[in-house]
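What follows is work.json (JSON, C-alpha atoms).
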```json
[["chain", "number", "residue", "atom", "x", "y", "z"],
["A", 1, "MET", "CA", -4.96, 21.06, -15.89],
["A", 2, "LYS", "CA", -7.98, 20.93, -13.59],
["A", 3, "ARG", "CA", -7.43, 17.19, -13.19],
["A", 4, "ALA", "CA", -3.73, 17.76, -12.41],
["A", 5, "LEU", "CA", -4.70, 20.29, -9.74],
["A", 6, "GLU", "CA", -7.13, 17.76, -8.23],
["A", 7, "LEU", "CA", -4.34, 15.17, -8.07],
["A", 8, "ALA", "CA", -2.05, 17.73, -6.47],
["A", 9, "HIS", "CA", -4.68, 18.41, -3.81],
["A", 10, "LEU", "CA", -5.08, 14.69, -3.09],
["A", 11, "GLY", "CA", -1.31, 14.42, -2.73],
["A", 12, "GLN", "CA", -1.29, 17.32, -0.30],
["A", 13, "LEU", "CA", -3.82, 15.47, 1.86],
["A", 14, "ARG", "CA", -1.30, 12.58, 2.00],
["A", 15, "GLY", "CA", 1.52, 14.92, 3.03],
["A", 16, "GLU", "CA", 3.09, 15.17, -0.42],
["A", 17, "VAL", "CA", 4.15, 18.39, -2.13],
["A", 18, "PRO", "CA", 1.03, 19.20, -4.18],
["A", 19, "ILE", "CA", 2.04, 18.51, -7.75],
["A", 20, "GLY", "CA", -0.13, 16.58, -10.18],
["A", 21, "ALA", "CA", 0.50, 15.29, -13.69],
["A", 22, "VAL", "CA", -1.82, 13.92, -16.36],
["A", 23, "VAL", "CA", -0.83, 12.20, -19.62],
["A", 24, "VAL", "CA", -3.35, 12.74, -22.41],
["A", 25, "VAL", "CA", -3.53, 11.30, -25.92],
["A", 26, "GLY", "CA", -6.09, 13.00, -28.12],
["A", 27, "ASP", "CA", -8.92, 13.76, -25.71],
["A", 28, "ALA", "CA", -8.35, 10.72, -23.52],
["A", 29, "GLU", "CA", -6.56, 10.58, -20.18],
["A", 30, "VAL", "CA", -4.04, 7.74, -20.36],
["A", 31, "ALA", "CA", -2.51, 8.13, -16.91],
["A", 32, "ALA", "CA", -2.49, 10.50, -13.97],
["A", 33, "ALA", "CA", -0.45, 10.75, -10.78],
["A", 34, "GLY", "CA", 0.71, 12.92, -7.96],
["A", 35, "ASN", "CA", 3.97, 13.01, -6.06],
["A", 36, "SER", "CA", 4.94, 9.95, -4.03],
["A", 37, "ARG", "CA", 8.35, 10.98, -2.70],
["A", 38, "GLU", "CA", 7.26, 10.99, 0.93],
["A", 39, "SER", "CA", 4.86, 8.04, 0.90],
["A", 40, "ALA", "CA", 7.13, 5.76, -1.14],
["A", 41, "ALA", "CA", 10.43, 7.15, 0.20],
["A", 42, "ASP", "CA", 11.36, 7.48, -3.48],
["A", 43, "PRO", "CA", 13.57, 10.37, -4.61],
["A", 44, "ALA", "CA", 12.28, 9.83, -8.16],
["A", 45, "GLY", "CA", 8.64, 9.79, -7.06],
["A", 46, "HIS", "CA", 7.76, 12.99, -8.88],
["A", 47, "ALA", "CA", 4.25, 13.30, -10.32],
["A", 48, "GLU", "CA", 5.58, 13.44, -13.89],
["A", 49, "ILE", "CA", 7.69, 10.30, -13.51],
["A", 50, "ASN", "CA", 4.79, 8.44, -11.90],
["A", 51, "ALA", "CA", 2.41, 9.52, -14.68],
["A", 52, "LEU", "CA", 4.87, 8.62, -17.46],
["A", 53, "ARG", "CA", 5.45, 5.17, -15.93],
["A", 54, "ALA", "CA", 1.70, 4.59, -15.68],
["A", 55, "ALA", "CA", 1.17, 5.79, -19.26],
["A", 56, "GLY", "CA", 3.84, 3.43, -20.57],
["A", 57, "ALA", "CA", 2.29, 0.54, -18.67],
["A", 58, "ALA", "CA", -1.22, 1.42, -19.87],
["A", 59, "ARG", "CA", -0.12, 1.65, -23.50],
["A", 60, "GLY", "CA", 2.24, -1.31, -23.40],
["A", 61, "HIS", "CA", 5.28, 0.61, -24.61],
["A", 62, "TRP", "CA", 7.58, 3.40, -23.50],
["A", 63, "ARG", "CA", 7.25, 5.61, -26.57],
["A", 64, "LEU", "CA", 4.64, 8.31, -25.90],
["A", 65, "ASP", "CA", 5.18, 10.37, -29.06],
["A", 66, "ASP", "CA", 1.51, 11.34, -29.35],
["A", 67, "ALA", "CA", 1.08, 12.35, -25.71],
["A", 68, "THR", "CA", 0.71, 15.66, -23.92],
["A", 69, "VAL", "CA", 1.73, 15.89, -20.28],
["A", 70, "TYR", "CA", -0.14, 18.42, -18.13],
["A", 71, "VAL", "CA", 1.61, 19.25, -14.86],
["A", 72, "THR", "CA", 0.99, 21.84, -12.15],
["A", 73, "LEU", "CA", 4.65, 22.90, -11.72],
["A", 74, "GLU", "CA", 7.40, 23.32, -14.30],
["A", 75, "PRO", "CA", 9.26, 20.00, -14.50],
["A", 76, "CYS", "CA", 12.74, 19.63, -13.05],
["A", 77, "ALA", "CA", 15.71, 18.36, -15.08],
["A", 78, "MET", "CA", 14.95, 14.71, -14.17],
["A", 79, "CYS", "CA", 11.32, 14.95, -15.25],
["A", 80, "ALA", "CA", 12.08, 16.99, -18.37],
["A", 81, "GLY", "CA", 14.71, 14.40, -19.26],
["A", 82, "ALA", "CA", 12.19, 11.60, -18.79],
["A", 83, "MET", "CA", 9.85, 13.44, -21.15],
["A", 84, "VAL", "CA", 12.61, 13.63, -23.76],
["A", 85, "LEU", "CA", 13.28, 9.90, -23.35],
["A", 86, "ALA", "CA", 9.55, 9.09, -23.57],
["A", 87, "ARG", "CA", 9.40, 11.13, -26.79],
["A", 88, "ILE", "CA", 6.32, 13.08, -25.69],
["A", 89, "ALA", "CA", 4.80, 15.55, -28.14],
["A", 90, "ARG", "CA", 4.04, 18.35, -25.69],
["A", 91, "CYS", "CA", 4.20, 19.49, -22.07],
["A", 92, "VAL", "CA", 1.82, 22.04, -20.59],
["A", 93, "TYR", "CA", 2.68, 23.33, -17.13],
["A", 94, "ALA", "CA", 0.95, 25.76, -14.83],
["A", 95, "ALA", "CA", 3.50, 27.53, -12.62],
["A", 96, "PRO", "CA", 7.18, 28.16, -13.31],
["A", 97, "ASP", "CA", 9.72, 26.78, -10.84],
["A", 98, "PRO", "CA", 12.43, 29.39, -10.22],
["A", 99, "LYS", "CA", 14.53, 26.93, -8.18],
["A", 100, "GLY", "CA", 14.36, 23.83, -10.35],
["A", 101, "GLY", "CA", 12.37, 24.31, -13.55],
["A", 102, "PHE", "CA", 14.03, 22.91, -16.65],
["A", 103, "LEU", "CA", 11.53, 23.66, -19.38],
["A", 104, "GLY", "CA", 12.39, 27.32, -19.69],
["A", 105, "THR", "CA", 13.41, 28.76, -16.33],
["A", 106, "LEU", "CA", 16.87, 27.39, -15.46],
["A", 107, "GLY", "CA", 17.33, 25.66, -18.80],
["A", 108, "ASN", "CA", 15.23, 23.97, -21.45],
["A", 109, "LEU", "CA", 15.71, 20.27, -22.09],
["A", 110, "ALA", "CA", 12.76, 20.29, -24.50],
["A", 111, "GLU", "CA", 14.92, 22.17, -27.01],
["A", 112, "PHE", "CA", 18.43, 21.15, -26.02],
["A", 113, "PRO", "CA", 20.41, 20.83, -29.27],
["A", 114, "GLY", "CA", 22.44, 17.77, -28.23],
["A", 115, "LEU", "CA", 19.42, 15.58, -27.50],
["A", 116, "ASN", "CA", 17.69, 13.41, -30.08],
["A", 117, "HIS", "CA", 14.13, 14.59, -29.32],
["A", 118, "ARG", "CA", 12.43, 17.93, -28.87],
["A", 119, "PHE", "CA", 8.89, 18.73, -27.78],
["A", 120, "GLU", "CA", 6.55, 21.69, -27.54],
["A", 121, "VAL", "CA", 6.17, 23.49, -24.21],
["A", 122, "SER", "CA", 3.32, 25.74, -23.06],
["A", 123, "SER", "CA", 3.19, 27.43, -19.68],
["A", 124, "GLY", "CA", 0.94, 29.55, -17.50],
["A", 125, "VAL", "CA", -2.24, 27.46, -17.79],
["A", 126, "MET", "CA", -4.05, 27.94, -14.45],
["A", 127, "GLN", "CA", -0.81, 29.36, -13.08],
["A", 128, "ALA", "CA", -2.43, 31.37, -10.28],
["A", 129, "GLU", "CA", -4.30, 28.34, -8.91],
["A", 130, "ALA", "CA", -1.26, 26.08, -9.01],
["A", 131, "ALA", "CA", 1.04, 28.67, -7.46],
["A", 132, "GLU", "CA", -1.42, 29.37, -4.64],
["A", 133, "GLN", "CA", -1.78, 25.65, -3.94],
["A", 134, "LEU", "CA", 1.99, 25.35, -3.52],
["A", 135, "ARG", "CA", 2.30, 28.56, -1.47],
["A", 136, "SER", "CA", -0.47, 27.42, 0.84],
["A", 137, "PHE", "CA", 1.17, 24.02, 1.32],
["A", 138, "PHE", "CA", 4.57, 25.48, 2.23],
["A", 139, "ARG", "CA", 3.02, 28.19, 4.40],
["A", 140, "SER", "CA", 1.26, 25.43, 6.34],
["A", 141, "LEU", "CA", 4.53, 23.51, 6.75],
["A", 142, "ARG", "CA", 6.32, 26.60, 8.04],
["A", 143, "SER", "CA", 3.58, 27.33, 10.57],
["A", 144, "LYS", "CA", 3.84, 23.74, 11.91],
["A", 145, "ASP", "CA", 7.58, 24.19, 12.41],
["A", 146, "ARG", "CA", 7.07, 27.18, 14.70]]
```
Whole structure, structure tokens version:
Amino acid sequence: MKRALELAHLGQLRGEVPIGAVVVVGDAEVAAAGNSRESAADPAGHAEINALRAAGAARGHWRLDDATVYVTLEPCAMCAGAMVLARIARCVYAAPDPKGGFLGTLGNLAEFPGLNHRFEVSSGVMQAEAAEQLRSFFRSLRSKDR
């Protein structure tokens, strides 16, 4: 999660919402990414999507059934859905997302009965740090708007 927080910080320096994601297999980092929505003008440029794409490319296949994804904010429905489709083993997120989180807050795609894959979810790892990083970013944006 420390690495994901570092990636989030680097994204913030580029004007992105500070969210970072790391894909790990065993003890090895396979891929890592931050948000790229602003810089790439890509609505799907979420950190999780970017990290899953990079992990698939690094491993030479889309199936990531032995991977854990660490992410600083609870994944949205799109990202949680991508994790289902990638067949990940586990997702660990730091802070819950009360407005868009879909791994426990607004819904839970990781355990949705109609889908063909389920995965383990853990939350709250370095939650205070991740939440403060996001609060600070949005506080800064609001002060610029004044």
Distance cut-off 6 Å, centre (-4.3, 7.3, -25.1) in file coordinates, counting all atoms listed in the file: which residues qualify? Return them as an mmCIF file with C-alpha atoms, in the frame of the given file.
```cif
data_model
loop_
_atom_site.group_PDB
_atom_site.id
_atom_site.type_symbol
_atom_site.label_atom_id
_atom_site.label_comp_id
_atom_site.auth_asym_id
_atom_site.auth_seq_id
_atom_site.Cartn_x
_atom_site.Cartn_y
_atom_site.Cartn_z
ATOM 1 C CA VAL A 25 -3.530 11.300 -25.920
ATOM 2 C CA ALA A 28 -8.350 10.720 -23.520
ATOM 3 C CA VAL A 30 -4.040 7.740 -20.360
#
```
With only C-alpha atoms counted and 9 Å as the cut-off, give the residues of range 50-92 of chain A in contact with range 32-38 of chain A, each with its shortest interatomic distance in Å and the pair that gives it, as CSV.
```
residue,atom,partner,partner_atom,distance
A:Asn50,CA,A:Ala33,CA,5.8
A:Ala51,CA,A:Ala33,CA,5.0
A:Leu52,CA,A:Ala32,CA,8.4
A:Ala54,CA,A:Ala32,CA,7.4
A:Ala55,CA,A:Ala32,CA,8.0
```
> Which of these, A:Ala80, A:Ala94, A:Gly26, A:Ala47, has the shortest distance to Leu10 in chain A once you count all atoms listed in the file?
Replying inline: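 Closest candidate: A:Ala47.
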> When distances are computed from only C-alpha atoms, which of A:Met83, A:Ala67, A:Ala131, A:Leu7 shows the smallest separation from Pro98 in chain A?
Replying inline: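 For Pro98 in chain A, the nearest of the given residues is A:Ala131.
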So that I can check the surroundings of Gly104 in chain A, please list as a PDB file with C-alpha atoms, in the frame of the given file every protein, DNA and RNA residue that reaches within 10 Å of it, counting only C-alpha atoms and ignoring chain neighbours fewer than 5 positions away.
```pdb
ATOM      1  CA  GLU A  74       7.400  23.320 -14.300  1.00  0.00           C
ATOM      2  CA  PRO A  75       9.260  20.000 -14.500  1.00  0.00           C
ATOM      3  CA  PRO A  96       7.180  28.160 -13.310  1.00  0.00           C
ATOM      4  CA  ASP A  97       9.720  26.780 -10.840  1.00  0.00           C
ATOM      5  CA  PRO A  98      12.430  29.390 -10.220  1.00  0.00           C
ATOM      6  CA  LEU A 109      15.710  20.270 -22.090  1.00  0.00           C
ATOM      7  CA  ALA A 110      12.760  20.290 -24.500  1.00  0.00           C
ATOM      8  CA  GLU A 111      14.920  22.170 -27.010  1.00  0.00           C
ATOM      9  CA  VAL A 121       6.170  23.490 -24.210  1.00  0.00           C
ATOM     10  CA  SER A 122       3.320  25.740 -23.060  1.00  0.00           C
ATOM     11  CA  SER A 123       3.190  27.430 -19.680  1.00  0.00           C
TER      12      SER A 123
END
```
> Which polymer residues have any atom within 6 Å of an atom of Val22 in chain A, counting all atoms listed in the file, with same-chain residues fewer than 6 positions away left out, as a VMD selection string?
Replying inline: chain A and resid 4 31 to 32 69 to 70
